[in-house]
Structure formats: structure tokens, C-alpha cells
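Structure data (TSV, C-alpha atoms and all ligand atoms) from input.tsv:
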chain	number	residue	atom	x	y	z
A	1	MET	CA	142.61	89.88	171.19
A	2	ILE	CA	139.03	88.69	170.78
A	3	ASP	CA	138.72	88.54	167.02
A	4	LEU	CA	135.08	88.79	165.93
A	5	ARG	CA	135.83	89.99	162.38
A	6	SER	CA	135.12	86.69	160.66
A	7	ASP	CA	134.95	82.92	161.09
A	8	THR	CA	137.87	82.78	158.63
A	9	VAL	CA	140.39	83.91	161.27
A	10	VAL	CA	140.44	80.51	163.02
A	11	LYS	CA	143.88	78.87	163.05
A	12	PRO	CA	144.35	75.12	162.61
A	13	THR	CA	144.57	73.27	165.93
A	14	PRO	CA	147.50	70.96	166.77
A	15	ALA	CA	145.28	67.92	166.06
A	16	MET	CA	144.32	69.32	162.65
A	17	ARG	CA	147.96	70.05	161.87
A	18	ALA	CA	148.86	66.49	162.81
A	19	ALA	CA	146.22	65.16	160.40
A	20	MET	CA	147.65	67.42	157.68
A	21	ALA	CA	151.21	66.27	158.34
A	22	ALA	CA	150.14	62.63	158.10
A	23	ALA	CA	148.08	63.03	154.89
A	24	GLU	CA	148.73	60.72	151.99
A	25	VAL	CA	149.32	62.88	148.91
A	26	GLY	CA	149.83	62.67	145.15
A	27	ASP	CA	149.66	64.96	142.13
A	28	ASP	CA	146.07	66.16	142.10
A	29	VAL	CA	146.29	67.68	138.61
A	30	PHE	CA	147.02	64.10	137.50
A	31	GLY	CA	144.05	63.00	139.65
A	32	GLU	CA	146.36	61.09	141.98
A	33	ASP	CA	145.89	62.66	145.39
A	34	PRO	CA	143.92	60.17	147.52
A	35	THR	CA	143.14	62.71	150.25
A	36	VAL	CA	141.73	65.26	147.80
A	37	ILE	CA	139.68	62.53	146.12
A	38	ALA	CA	138.35	61.36	149.50
A	39	LEU	CA	137.25	64.90	150.41
A	40	GLU	CA	135.61	65.50	147.02
A	41	GLU	CA	133.78	62.18	147.14
A	42	ARG	CA	132.71	62.66	150.73
A	43	LEU	CA	131.11	66.07	150.15
A	44	ALA	CA	129.53	65.06	146.84
A	45	ALA	CA	127.92	62.01	148.47
A	46	LEU	CA	126.82	64.00	151.49
A	47	PHE	CA	124.97	66.55	149.34
A	48	GLY	CA	123.58	63.90	147.02
A	49	HIS	CA	125.63	64.89	143.97
A	50	GLU	CA	127.76	62.74	141.66
A	51	ALA	CA	131.11	64.48	141.90
A	52	GLY	CA	133.13	67.14	143.69
A	53	LEU	CA	136.02	69.50	142.96
A	54	TYR	CA	138.43	70.77	145.61
A	55	CYS	CA	139.43	74.41	145.14
A	56	SER	CA	141.52	76.98	146.93
A	57	SER	CA	138.64	79.26	147.94
A	58	GLY	CA	134.90	79.79	147.92
A	59	THR	CA	135.41	82.59	145.43
A	60	GLN	CA	137.03	80.08	143.11
A	61	THR	CA	134.28	77.46	143.45
A	62	ASN	CA	131.60	80.12	142.86
A	63	GLN	CA	133.39	81.69	139.90
A	64	ILE	CA	134.04	78.32	138.30
A	65	ALA	CA	130.37	77.36	138.72
A	66	ILE	CA	129.22	80.62	137.12
A	67	ASN	CA	131.64	80.09	134.25
A	68	VAL	CA	130.41	76.55	133.58
A	69	HIS	CA	126.71	77.42	133.84
A	70	THR	CA	126.82	80.48	131.55
A	71	LYS	CA	128.11	81.93	128.27
A	72	PRO	CA	129.32	85.53	127.81
A	73	GLY	CA	126.32	87.82	127.37
A	74	ASP	CA	124.09	85.72	129.62
A	75	GLU	CA	122.49	87.11	132.75
A	76	LEU	CA	122.19	85.72	136.24
A	77	ILE	CA	119.63	86.46	138.92
A	78	GLY	CA	120.41	87.12	142.56
A	79	GLU	CA	120.22	89.82	145.23
A	80	GLU	CA	122.40	92.89	145.54
A	81	GLY	CA	124.26	91.76	148.67
A	82	MET	CA	125.32	88.39	147.28
A	83	HIS	CA	128.96	87.47	147.78
A	84	ILE	CA	129.46	86.43	144.13
A	85	TYR	CA	128.58	89.97	143.04
A	86	ARG	CA	129.73	92.14	145.89
A	87	TYR	CA	132.86	90.46	147.21
A	88	GLU	CA	134.43	88.57	144.32
A	89	GLY	CA	136.23	91.41	142.59
A	90	GLY	CA	133.78	91.81	139.71
A	91	GLY	CA	134.42	88.20	138.73
A	92	ILE	CA	130.98	87.56	137.25
A	93	MET	CA	131.67	90.23	134.65
A	94	ALA	CA	135.45	89.77	134.29
A	95	ASN	CA	135.62	85.96	134.25
A	96	SER	CA	132.35	85.07	132.59
A	97	GLY	CA	131.11	88.21	130.79
A	98	CYS	CA	127.71	87.97	132.40
A	99	SER	CA	125.33	90.66	133.57
A	100	VAL	CA	123.37	90.49	136.79
A	101	LYS	CA	119.74	91.22	137.64
A	102	PHE	CA	118.84	91.92	141.26
A	103	VAL	CA	115.55	90.88	142.79
A	104	PRO	CA	113.90	92.36	145.90
A	105	ASN	CA	114.86	90.40	149.01
A	106	ASP	CA	114.33	89.98	152.70
A	107	ARG	CA	117.78	89.82	154.32
A	108	GLY	CA	119.13	88.06	151.24
A	109	ARG	CA	116.19	85.73	150.67
A	110	PHE	CA	113.88	86.16	147.70
A	111	THR	CA	110.82	84.43	146.30
A	112	ALA	CA	110.13	82.21	143.30
A	113	THR	CA	107.65	84.86	142.13
A	114	ALA	CA	110.43	87.47	142.14
A	115	VAL	CA	112.71	85.13	140.18
A	116	GLU	CA	110.03	84.44	137.59
A	117	ALA	CA	109.37	88.16	137.15
A	118	ALA	CA	113.11	88.81	136.60
A	119	ILE	CA	113.56	86.27	133.80
A	120	ASN	CA	114.01	87.82	130.37
A	121	ASN	CA	111.85	86.60	127.50
A	122	ALA	CA	114.14	84.09	125.76
A	123	ALA	CA	112.53	84.82	122.40
A	124	ASP	CA	113.36	88.54	122.58
A	125	ASN	CA	116.69	89.25	120.88
A	126	TYR	CA	116.95	92.64	122.58
A	127	LEU	CA	117.47	91.01	125.95
A	128	ALA	CA	120.28	89.16	127.67
A	129	ARG	CA	119.58	85.45	128.05
A	130	THR	CA	118.77	84.58	131.66
A	131	ARG	CA	120.75	81.45	132.56
A	132	LEU	CA	121.42	81.10	136.27
A	133	VAL	CA	119.97	81.82	139.70
A	134	ASN	CA	122.22	82.15	142.76
A	135	ILE	CA	121.09	81.49	146.31
A	136	GLU	CA	123.40	82.23	149.27
A	137	ASN	CA	122.70	80.14	152.37
A	138	THR	CA	123.34	81.33	155.01
A	139	ASN	CA	123.24	84.84	153.63
A	140	ASN	CA	126.18	86.92	154.83
A	141	ARG	CA	124.87	90.46	154.17
A	142	GLY	CA	121.55	89.32	155.56
A	143	GLY	CA	123.24	88.68	158.92
A	144	GLY	CA	123.57	84.92	158.53
A	145	SER	CA	119.92	84.48	157.58
A	146	VAL	CA	118.72	80.98	156.71
A	147	TRP	CA	116.64	80.13	153.66
A	148	ASP	CA	113.35	78.25	153.83
A	149	ILE	CA	113.80	75.11	151.74
A	150	SER	CA	110.23	75.18	150.43
A	151	GLU	CA	110.89	78.56	148.76
A	152	VAL	CA	114.08	77.10	147.25
A	153	GLN	CA	112.04	74.20	145.89
A	154	ARG	CA	109.59	76.66	144.29
A	155	ILE	CA	112.56	78.48	142.74
A	156	ARG	CA	113.79	75.11	141.42
A	157	ALA	CA	110.42	74.63	139.71
A	158	VAL	CA	110.72	78.08	138.09
A	159	CYS	CA	114.25	77.20	136.93
A	160	ASP	CA	112.96	73.96	135.41
A	161	ARG	CA	110.20	75.79	133.52
A	162	HIS	CA	112.70	78.28	132.07
A	163	SER	CA	115.77	76.02	131.64
A	164	LEU	CA	117.84	77.90	134.20
A	165	SER	CA	120.58	76.48	136.39
A	166	LEU	CA	120.44	76.95	140.15
A	167	HIS	CA	123.63	77.45	142.17
A	168	MET	CA	124.01	77.63	145.93
A	169	ASP	CA	126.79	79.66	147.47
A	170	GLY	CA	126.88	77.48	150.56
A	171	ALA	CA	129.94	79.03	152.16
A	172	ARG	CA	128.08	78.57	155.48
A	173	ILE	CA	125.65	75.82	154.49
A	174	PHE	CA	126.51	73.79	157.60
A	175	ASN	CA	125.44	76.74	159.74
A	176	ALA	CA	122.09	76.66	157.93
A	177	LEU	CA	121.81	72.89	158.42
A	178	ALA	CA	122.51	73.26	162.14
A	179	VAL	CA	119.44	75.50	162.35
A	180	ASP	CA	116.88	73.90	160.08
A	181	GLY	CA	117.74	70.31	160.95
A	182	ARG	CA	117.51	69.00	157.40
A	183	THR	CA	120.13	66.75	155.85
A	184	PRO	CA	122.80	67.95	153.42
A	185	ALA	CA	121.21	65.70	150.77
A	186	GLU	CA	117.88	67.49	151.14
A	187	TRP	CA	119.65	70.81	150.69
A	188	GLY	CA	121.75	69.58	147.79
A	189	LYS	CA	118.78	68.24	145.83
A	190	PRO	CA	117.25	71.43	144.35
A	191	PHE	CA	120.62	72.68	143.08
A	192	ASP	CA	122.70	72.02	139.97
A	193	SER	CA	125.80	73.01	141.92
A	194	VAL	CA	126.75	73.80	145.50
A	195	SER	CA	129.85	75.56	146.81
A	196	ILE	CA	130.85	74.52	150.35
A	197	CYS	CA	133.57	76.31	152.38
A	198	LEU	CA	135.80	74.44	154.80
A	199	SER	CA	137.66	77.54	155.97
A	200	LYS	CA	134.74	79.36	157.62
A	201	GLY	CA	133.02	77.89	160.66
A	202	LEU	CA	134.59	74.49	160.07
A	203	GLY	CA	138.03	75.84	160.89
A	204	ALA	CA	140.20	74.48	158.05
A	205	PRO	CA	142.96	76.89	156.97
A	206	VAL	CA	141.99	76.77	153.30
A	207	GLY	CA	139.68	75.12	150.82
A	208	SER	CA	136.21	74.85	149.32
A	209	VAL	CA	134.48	72.07	147.43
A	210	LEU	CA	132.14	72.45	144.47
A	211	VAL	CA	129.67	69.60	143.93
A	212	GLY	CA	127.47	68.78	140.94
A	213	SER	CA	126.87	66.21	138.22
A	214	LYS	CA	129.77	64.30	136.66
A	215	PRO	CA	129.72	66.27	133.38
A	216	PHE	CA	129.43	69.55	135.30
A	217	ILE	CA	132.42	68.75	137.51
A	218	GLN	CA	134.43	67.51	134.54
A	219	GLU	CA	133.97	70.90	132.89
A	220	ALA	CA	134.58	72.67	136.22
A	221	ARG	CA	137.92	70.84	136.46
A	222	ARG	CA	138.94	72.30	133.09
A	223	VAL	CA	137.90	75.80	134.17
A	224	ARG	CA	139.78	75.41	137.47
A	225	LYS	CA	142.94	74.65	135.48
A	226	ARG	CA	142.30	77.63	133.19
A	227	PHE	CA	141.87	79.91	136.21
A	228	GLY	CA	145.21	78.65	137.54
A	229	GLY	CA	143.60	76.72	140.37
A	230	GLY	CA	145.04	73.25	139.71
A	231	MET	CA	147.04	72.23	142.77
A	232	ARG	CA	149.53	69.39	143.11
A	233	GLN	CA	150.00	67.65	146.50
A	234	ALA	CA	146.88	69.37	147.79
A	235	GLY	CA	146.05	66.47	150.08
A	236	ILE	CA	148.05	68.24	152.74
A	237	ILE	CA	145.36	70.94	152.92
A	238	ALA	CA	142.44	68.70	151.96
A	239	ALA	CA	143.29	66.63	155.06
A	240	ALA	CA	142.33	69.66	157.15
A	241	GLY	CA	138.95	69.66	155.40
A	242	LEU	CA	138.39	65.99	156.21
A	243	PHE	CA	139.46	66.61	159.80
A	244	ALA	CA	137.01	69.52	160.02
A	245	MET	CA	134.19	67.33	158.68
A	246	ASP	CA	134.96	64.72	161.35
A	247	HIS	CA	135.35	67.05	164.31
A	248	ASN	CA	133.89	70.51	163.80
A	249	LEU	CA	130.37	70.09	162.47
A	250	ASP	CA	128.52	69.38	165.69
A	251	ARG	CA	129.95	72.39	167.49
A	252	LEU	CA	128.53	75.01	165.07
A	253	LYS	CA	125.42	75.21	167.29
A	254	GLU	CA	127.61	76.63	170.07
A	255	ASP	CA	128.62	79.51	167.78
A	256	HIS	CA	124.93	80.20	167.19
A	257	ILE	CA	124.11	80.25	170.90
A	258	ARG	CA	126.98	82.65	171.56
A	259	ALA	CA	125.94	84.91	168.68
A	260	ARG	CA	122.42	85.07	170.10
A	261	LYS	CA	123.80	85.98	173.50
A	262	LEU	CA	125.79	88.83	171.95
A	263	ALA	CA	122.75	89.99	169.98
A	264	SER	CA	120.49	90.15	173.00
A	265	ALA	CA	123.08	92.10	175.00
A	266	LEU	CA	123.44	94.57	172.11
A	267	GLN	CA	119.69	95.14	172.07
A	268	HIS	CA	119.88	96.84	175.48
A	269	LEU	CA	122.72	99.24	174.74
A	270	PRO	CA	121.80	102.93	174.52
A	271	TYR	CA	124.02	103.62	171.49
A	272	VAL	CA	122.67	100.72	169.40
A	273	GLU	CA	119.93	101.65	166.94
A	274	SER	CA	118.93	98.11	165.94
A	275	VAL	CA	120.17	94.53	165.84
A	276	ALA	CA	119.33	92.35	162.85
A	277	PRO	CA	117.63	89.06	163.77
A	278	THR	CA	120.40	86.54	164.55
A	279	GLY	CA	119.86	82.92	163.59
A	280	THR	CA	123.38	81.62	163.03
A	281	ASN	CA	126.89	82.89	163.81
A	282	ILE	CA	126.63	86.42	162.41
A	283	VAL	CA	125.46	89.47	164.36
A	284	VAL	CA	124.86	92.71	162.46
A	285	PHE	CA	123.87	95.84	164.34
A	286	ARG	CA	123.54	99.55	163.63
A	287	LEU	CA	124.75	102.41	165.74
A	288	LYS	CA	122.52	105.43	166.42
A	289	ASP	CA	125.44	107.59	165.31
A	290	GLU	CA	125.92	106.39	161.71
A	291	ALA	CA	129.22	108.22	161.35
A	292	GLY	CA	130.51	106.83	164.62
A	293	VAL	CA	131.48	103.36	163.38
A	294	PRO	CA	135.24	103.98	162.94
A	295	ARG	CA	135.49	105.56	166.40
A	296	PHE	CA	133.44	102.73	167.93
A	297	LEU	CA	135.65	100.09	166.31
A	298	GLU	CA	138.74	101.86	167.57
A	299	LYS	CA	137.43	101.93	171.14
A	300	LEU	CA	136.64	98.23	170.87
A	301	ARG	CA	140.11	97.51	169.53
A	302	ASN	CA	141.69	99.42	172.41
A	303	ALA	CA	139.77	97.10	174.71
A	304	GLY	CA	141.13	94.04	172.87
A	305	ILE	CA	138.15	93.28	170.60
A	306	ILE	CA	138.17	93.47	166.81
A	307	ALA	CA	135.13	93.64	164.54
A	308	LEU	CA	134.29	94.81	161.01
A	309	ALA	CA	132.37	97.81	159.68
A	310	PHE	CA	129.48	96.43	157.63
A	311	GLY	CA	127.88	99.13	155.48
A	312	PRO	CA	126.60	102.54	156.60
A	313	GLY	CA	126.36	102.75	160.38
A	314	ALA	CA	126.63	98.98	160.81
A	315	VAL	CA	129.04	96.61	162.54
A	316	ARG	CA	129.39	92.83	162.16
A	317	PHE	CA	130.42	90.31	164.82
A	318	VAL	CA	131.03	86.69	163.79
A	319	THR	CA	131.38	83.90	166.35
A	320	HIS	CA	133.64	80.91	165.67
A	321	MET	CA	135.74	78.12	167.19
A	322	GLU	CA	138.13	80.46	168.97
A	323	ILE	CA	135.37	82.45	170.68
A	324	ASP	CA	134.39	80.74	173.93
A	325	ASP	CA	131.93	81.74	176.64
A	326	ALA	CA	134.56	83.78	178.46
A	327	ALA	CA	135.26	85.80	175.28
A	328	ILE	CA	131.54	86.49	174.88
A	329	ASP	CA	131.21	87.59	178.51
A	330	ARG	CA	134.23	89.87	178.19
A	331	THR	CA	132.87	91.34	174.94
A	332	ILE	CA	129.48	92.04	176.52
A	333	ALA	CA	131.08	93.63	179.60
A	334	THR	CA	133.22	95.83	177.33
A	335	LEU	CA	130.25	96.86	175.19
A	336	GLN	CA	128.31	97.80	178.32
A	337	LYS	CA	131.13	100.07	179.48
A	338	LEU	CA	131.48	101.83	176.12
A	339	SER	CA	129.56	104.88	175.01
A	340	ALA	CA	129.58	105.15	171.25
B	1	LIG	C1	133.55	83.60	152.58
B	1	LIG	C2	132.47	83.49	151.58
B	1	LIG	C3	132.73	82.99	150.29
B	1	LIG	C4	134.10	82.54	149.82
B	1	LIG	O1	135.11	83.32	150.24
B	1	LIG	P1	136.65	82.91	150.06
B	1	LIG	O2	137.30	83.84	150.99
B	1	LIG	O3	136.98	83.15	148.64
B	1	LIG	O4	136.81	81.47	150.45
B	1	LIG	C5	131.67	82.89	149.43
B	1	LIG	N1	130.43	83.23	149.79
B	1	LIG	C6	130.15	83.71	151.02
B	1	LIG	C7	128.75	84.03	151.37
B	1	LIG	C8	131.16	83.86	151.95
B	1	LIG	O5	130.87	84.32	153.16
If you took the structure in this file and wrote it as C-alpha cells, what would it be?
Ligand SMILES: *Cc1c(COP(=O)(O)O)cnc(C)c1O
Amino acid sequence: MIDLRSDTVVKPTPAMRAAMAAAEVGDDVFGEDPTVIALEERLAALFGHEAGLYCSSGTQTNQIAINVHTKPGDELIGEEGMHIYRYEGGGIMANSGCSVKFVPNDRGRFTATAVEAAINNAADNYLARTRLVNIENTNNRGGGSVWDISEVQRIRAVCDRHSLSLHMDGARIFNALAVDGRTPAEWGKPFDSVSICLSKGLGAPVGSVLVGSKPFIQEARRVRKRFGGGMRQAGIIAAAGLFAMDHNLDRLKEDHIRARKLASALQHLPYVESVAPTGTNIVVFRLKDEAGVPRFLEKLRNAGIIALAFGPGAVRFVTHMEIDDAAIDRTIATLQKLSA
């Protein structure tokens, strides 16, 4: 099977498993796991923040960040496709009692002007208190779109003027870095907190790290415990994260090249209505026959290729470590033979 559903399907390699088996461990709830501490410190330093917190998932790092930045009744600003709203089980509302205001966006990216216009007047008791802005980079619903850092810096200035926190859902931040060429520290700087996933393109089986200031992470550690996310000898999985940081960063560019190759082949197929611009490892395209997605996916599956439906009439392909050039060529040949 060629599995293009997500970059989360990657299995740990024998070398990664060996690193996991050899990891030094301790009780991380007691703060005694040297491998977890090394991973937290490494990512915090890389993104220019004081401290890090290792968690079981990107949903957990995001939800903890929201919980620390806000109080019940507060409001956060983002766009309607954002993972924290759309794919985290209603967690913003259920875990933190916050409401959400959506701003207009271009494939998940919005402007500082739009943020400023969405902020409620803090002196008006009728309104929810705006507290937090969320930026997702790369943006999943936007087809892996990459933010322009200068717009993020303008949003930071708006947040400063209105005492708002700024969080980055950086599940695929290393994919964004591979495109824009900036350093993690440059990308970490405008944000109060950043969530980084190790189990997407980096190929670890589990784990995300939240970075921020010391007081922020101290509070996040309490919330992680409250959410049931304190883990004991977690070094055994954190070791996979360290291994991924050592070995799997430089190859993300290959995923992007392969995604672009898929996207340009799709552009020439008679049954494809449109292909969203592809900058990273995500390809989103629409079929002319909107209702035909389930049938199309079934035909693909029968030919040994799996993908995901992605909203009305749309399909998503994600490239990753286990998709090599041969898999791309076979996928393209199969797509060319299909009629949707
Ligand atoms: C995958 C992902 C997450 C986190 O997902 P988990 O499965 O909980 O690790 C968060 N944000 C985005 C944009 C993602 O793609």
C-alpha cells in the first residue's frame, strides 16, 4: 500500500527503535527522566524559548497552551480551518471554556489588520475578553501553506498593543522552515508559546513539545498533570524525538519536491477541477464531480493507494518518509489510468 493519508502513518525505523531501546529513563513526573529533559531543553533552545514540555500529542500541547493563556469566558482569534478548533474535539470550549472568533483568511493565513478588527473592546462588559491569537504554520486545511514571518511580526505588534498572547500551532513548523529558510529562533521569537510535533514529518511514533517562558511552562506542567498527561519513563519515546531531530530534519525538502511532482501531475488530469498551490508536503485537490470522492478513493485503494477525503469534493495527499520516488511514480501512473 502507498499510504498518502497523513505524515503520521510513518513507522519508527530499526535505527530509531534502537535509540529508543537504549534511552536512559527516569520518572518524568518527578522531573527525573534525562532523555525527556534533553528533548525539552533542545527544542526550547532551538526556538529561543526558556523551557519546554514534552507531551503525548500536538492536541495536548495546543490544549494546554490555550488553557494556560486564557480564563473561562475569554475569546481567542483564529481561522475556521484551524486544527485547535476543527480537529481537537471541541477542546477549546470543553477544556478552557473559551469562545472563538474567526477572521477572513487566505489558505489559513490572515493579516494583522484582520486580527485588530476582531479584538473586542476590553472596556465593554457586554463582550467576551479577547485573550489569544492562534497561528498554524504550516496550515493544514490551507494545503500546507506557509506563513510570511513579516505578517506574523505585525500580528505580534497588535498583540502587544492589546495585551494578547500569541500561540503557534507548529505541528509542521519544520516543513515551513525548510521552505522559508529562516531559523527556528527567528520563528520562535514572535510567539509566547509554540507547539512542535515530532510524530508528523519527523517520523517519531509519538510526542510533541510545547515551548515558552519558564513561568508559562511551569503552569503548563501543572495543566498537563491535570489533563492526565504526566508520563513516567517517557524517555523511551522522547528518545525517538531526539533521534528524529538528529536524522530527519534535512530530508523534509524531499517530501516537498515529491508533493510538487504529484501536484503538477494532478493539474493535467481531466477529472481534476483544481489543485491548491503546494508549497510543502500536503497536496489538496478538487474533483470535477464533487460527489465522486468516495468512489474515487475506493478506486485508488483498489490500486493500492490510500488518501483522505478533505471537505466537499476534495482529496488530500501527504508525502512523508515512507513515500519514495517510486511510490510517487506509481501513484501518478495510477491517477493517469483512472477516470473519476
Ligand atoms: C497533527 C496536527 C496537530 C496535532 O495532532 P495530534 O494528532 O494530536 O498530535 C496539531 N495541529 C496540526 C495543524 C496538525 O496537523
Gly235 in chain A environment, 7 Å, all atoms listed in the file, sequence neighbours closer than 2 positions dropped, as a list in words: Ala23, Glu24, Val25, Asp33, Thr35, Val36, Gln233, Ile237, Ala238 and Ala239 of chain A
Go through A:Asn120, A:Ala114, A:Leu202, A:Met20 and flag the residue nearest ligand LIG 1 (chain B), using only C-alpha atoms and all ligand atoms for the distances.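 Among the listed residues, A:Leu202 lies closest to ligand LIG 1 (chain B).
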Residues within 8 Å of Arg224 in chain A, please, as a ChimeraX atom specification. Count all atoms listed in the file; anything in the same chain fewer than 5 positions from it doesn't count. /A:55,60,64,229-230
Close residues to ligand LIG 1 (chain B) using only C-alpha atoms and all ligand atoms, limit 7 Å, as a compact mmCIF listing (two decimals) with C-alpha atoms, in the coordinates of the input:
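Here's the written file part_4.txt:
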# COMPACT_ATOMS: atom_id res chain seq x y z
CA SER A 57 138.64 79.26 147.94
CA GLY A 58 134.90 79.79 147.92
CA THR A 59 135.41 82.59 145.43
CA GLN A 60 137.03 80.08 143.11
CA MET A 82 125.32 88.39 147.28
CA HIS A 83 128.96 87.47 147.78
CA ILE A 84 129.46 86.43 144.13
CA GLU A 136 123.40 82.23 149.27
CA ASN A 139 123.24 84.84 153.63
CA ASN A 140 126.18 86.92 154.83
CA ASP A 169 126.79 79.66 147.47
CA GLY A 170 126.88 77.48 150.56
CA ALA A 171 129.94 79.03 152.16
CA ARG A 172 128.08 78.57 155.48
CA CYS A 197 133.57 76.31 152.38
CA SER A 199 137.66 77.54 155.97
CA LYS A 200 134.74 79.36 157.62
CA GLY A 207 139.68 75.12 150.82
CA SER A 208 136.21 74.85 149.32
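Residues near the point (109.0, 88.7, 138.4), at a distance of 12 Å or less over all atoms listed in the file, make up A:Ile77, A:Lys101, A:Phe102, A:Val103, A:Pro104, A:Phe110, A:Thr111, A:Ala112, A:Thr113, A:Ala114, A:Val115, A:Glu116, A:Ala117, A:Ala118, A:Ile119, A:Asn120, A:Asn121, A:Ile155, A:Val158.
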What does the file look like for those residues with C-alpha atoms, as a short mmCIF file (atom, residue, chain, number, x, y, z; two decimals), keeping the file's coordinate frame?
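Saved to part39.cif:
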data_model
loop_
_atom_site.label_atom_id
_atom_site.label_comp_id
_atom_site.auth_asym_id
_atom_site.auth_seq_id
_atom_site.Cartn_x
_atom_site.Cartn_y
_atom_site.Cartn_z
CA ILE A 77 119.63 86.46 138.92
CA LYS A 101 119.74 91.22 137.64
CA PHE A 102 118.84 91.92 141.26
CA VAL A 103 115.55 90.88 142.79
CA PRO A 104 113.90 92.36 145.90
CA PHE A 110 113.88 86.16 147.70
CA THR A 111 110.82 84.43 146.30
CA ALA A 112 110.13 82.21 143.30
CA THR A 113 107.65 84.86 142.13
CA ALA A 114 110.43 87.47 142.14
CA VAL A 115 112.71 85.13 140.18
CA GLU A 116 110.03 84.44 137.59
CA ALA A 117 109.37 88.16 137.15
CA ALA A 118 113.11 88.81 136.60
CA ILE A 119 113.56 86.27 133.80
CA ASN A 120 114.01 87.82 130.37
CA ASN A 121 111.85 86.60 127.50
CA ILE A 155 112.56 78.48 142.74
CA VAL A 158 110.72 78.08 138.09
#
Tell me which of A:Thr61, A:Ser6, A:Asn248, A:Thr334 sits closest to Asn281 in chain A, counting only C-alpha atoms. A:Ser6
Within 7 Å of Lys288 in chain A, counting all atoms listed in the file, which residues qualify if same-chain residues fewer than 2 places away don't, as a short mmCIF file (atom, residue, chain, number, x, y, z; two decimals) with C-alpha atoms, in the coordinates of the input?
data_model
loop_
_atom_site.label_atom_id
_atom_site.label_comp_id
_atom_site.auth_asym_id
_atom_site.auth_seq_id
_atom_site.Cartn_x
_atom_site.Cartn_y
_atom_site.Cartn_z
CA TYR A 271 124.02 103.62 171.49
CA VAL A 272 122.67 100.72 169.40
CA GLU A 273 119.93 101.65 166.94
CA ARG A 286 123.54 99.55 163.63
CA GLU A 290 125.92 106.39 161.71
#
Judged by only C-alpha atoms, the minimum distance to Gly142 in chain A among A:Asn105, A:Thr8, A:Ser339, A:Thr13 is found for A:Asn105
When you look at Leu300 in chain A with a cut-off of 8 Å (counting all atoms listed in the file), what residues show up, excluding the ones that are within fewer than 5 positions of it in the same chain? I need them as an mmCIF file with C-alpha atoms, in the frame of the given file.
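Contents of result-v4.cif, as written:
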data_model
loop_
_atom_site.group_PDB
_atom_site.id
_atom_site.type_symbol
_atom_site.label_atom_id
_atom_site.label_comp_id
_atom_site.auth_asym_id
_atom_site.auth_seq_id
_atom_site.Cartn_x
_atom_site.Cartn_y
_atom_site.Cartn_z
ATOM 1 C CA ILE A 305 138.150 93.280 170.600
ATOM 2 C CA ILE A 306 138.170 93.470 166.810
ATOM 3 C CA ALA A 307 135.130 93.640 164.540
ATOM 4 C CA THR A 334 133.220 95.830 177.330
ATOM 5 C CA LEU A 335 130.250 96.860 175.190
#
With only C-alpha atoms as the counted atoms, please give the residues lying no more than 12 Å from Lys214 in chain A, apart from itself and same-chain residues fewer than 6 positions off, as a PDB file with C-alpha atoms, keeping the file's coordinate frame.
ATOM      1  CA  GLU A  40     135.610  65.500 147.020  1.00  0.00           C
ATOM      2  CA  GLU A  41     133.780  62.180 147.140  1.00  0.00           C
ATOM      3  CA  ALA A  44     129.530  65.060 146.840  1.00  0.00           C
ATOM      4  CA  HIS A  49     125.630  64.890 143.970  1.00  0.00           C
ATOM      5  CA  GLU A  50     127.760  62.740 141.660  1.00  0.00           C
ATOM      6  CA  ALA A  51     131.110  64.480 141.900  1.00  0.00           C
ATOM      7  CA  GLY A  52     133.130  67.140 143.690  1.00  0.00           C
ATOM      8  CA  LEU A  53     136.020  69.500 142.960  1.00  0.00           C
ATOM      9  CA  ASP A 192     122.700  72.020 139.970  1.00  0.00           C
ATOM     10  CA  SER A 193     125.800  73.010 141.920  1.00  0.00           C
ATOM     11  CA  ALA A 220     134.580  72.670 136.220  1.00  0.00           C
ATOM     12  CA  ARG A 221     137.920  70.840 136.460  1.00  0.00           C
TER      13      ARG A 221
END
Restricting the calculation to only C-alpha atoms: of A:Gly144, A:Gly292, A:Gly228, A:Pro190, which residue gets closest to Val318 in chain A?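 Among A:Gly144, A:Gly292, A:Gly228, A:Pro190, it is A:Gly144 that comes nearest to Val318 in chain A.
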Residue nearest Val209 in chain A - candidates A:His256, A:Lys261, A:Arg232, A:Arg42, atoms counted: only C-alpha atoms: A:Arg42
Given the point (127.3, 90.0, 127.1) in the file's coordinates, find the residues that have an atom at most 6 Å from it, counting all atoms listed in the file, and give them as a list in words.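 These residues have at least one counted atom within 6 Å: Pro72, Gly73, Asp74, Gly97 and Cys98 of chain A.
With only C-alpha atoms as the atoms that count, the minimum distance from Leu287 in chain A to the choices A:Pro270, A:Gly313, A:Gly108, A:Gly241 is reached by A:Gly313.
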Distance in Å - CA of Ala263 in chain A versus CA of Glu151 in chain A: 26.9 Å
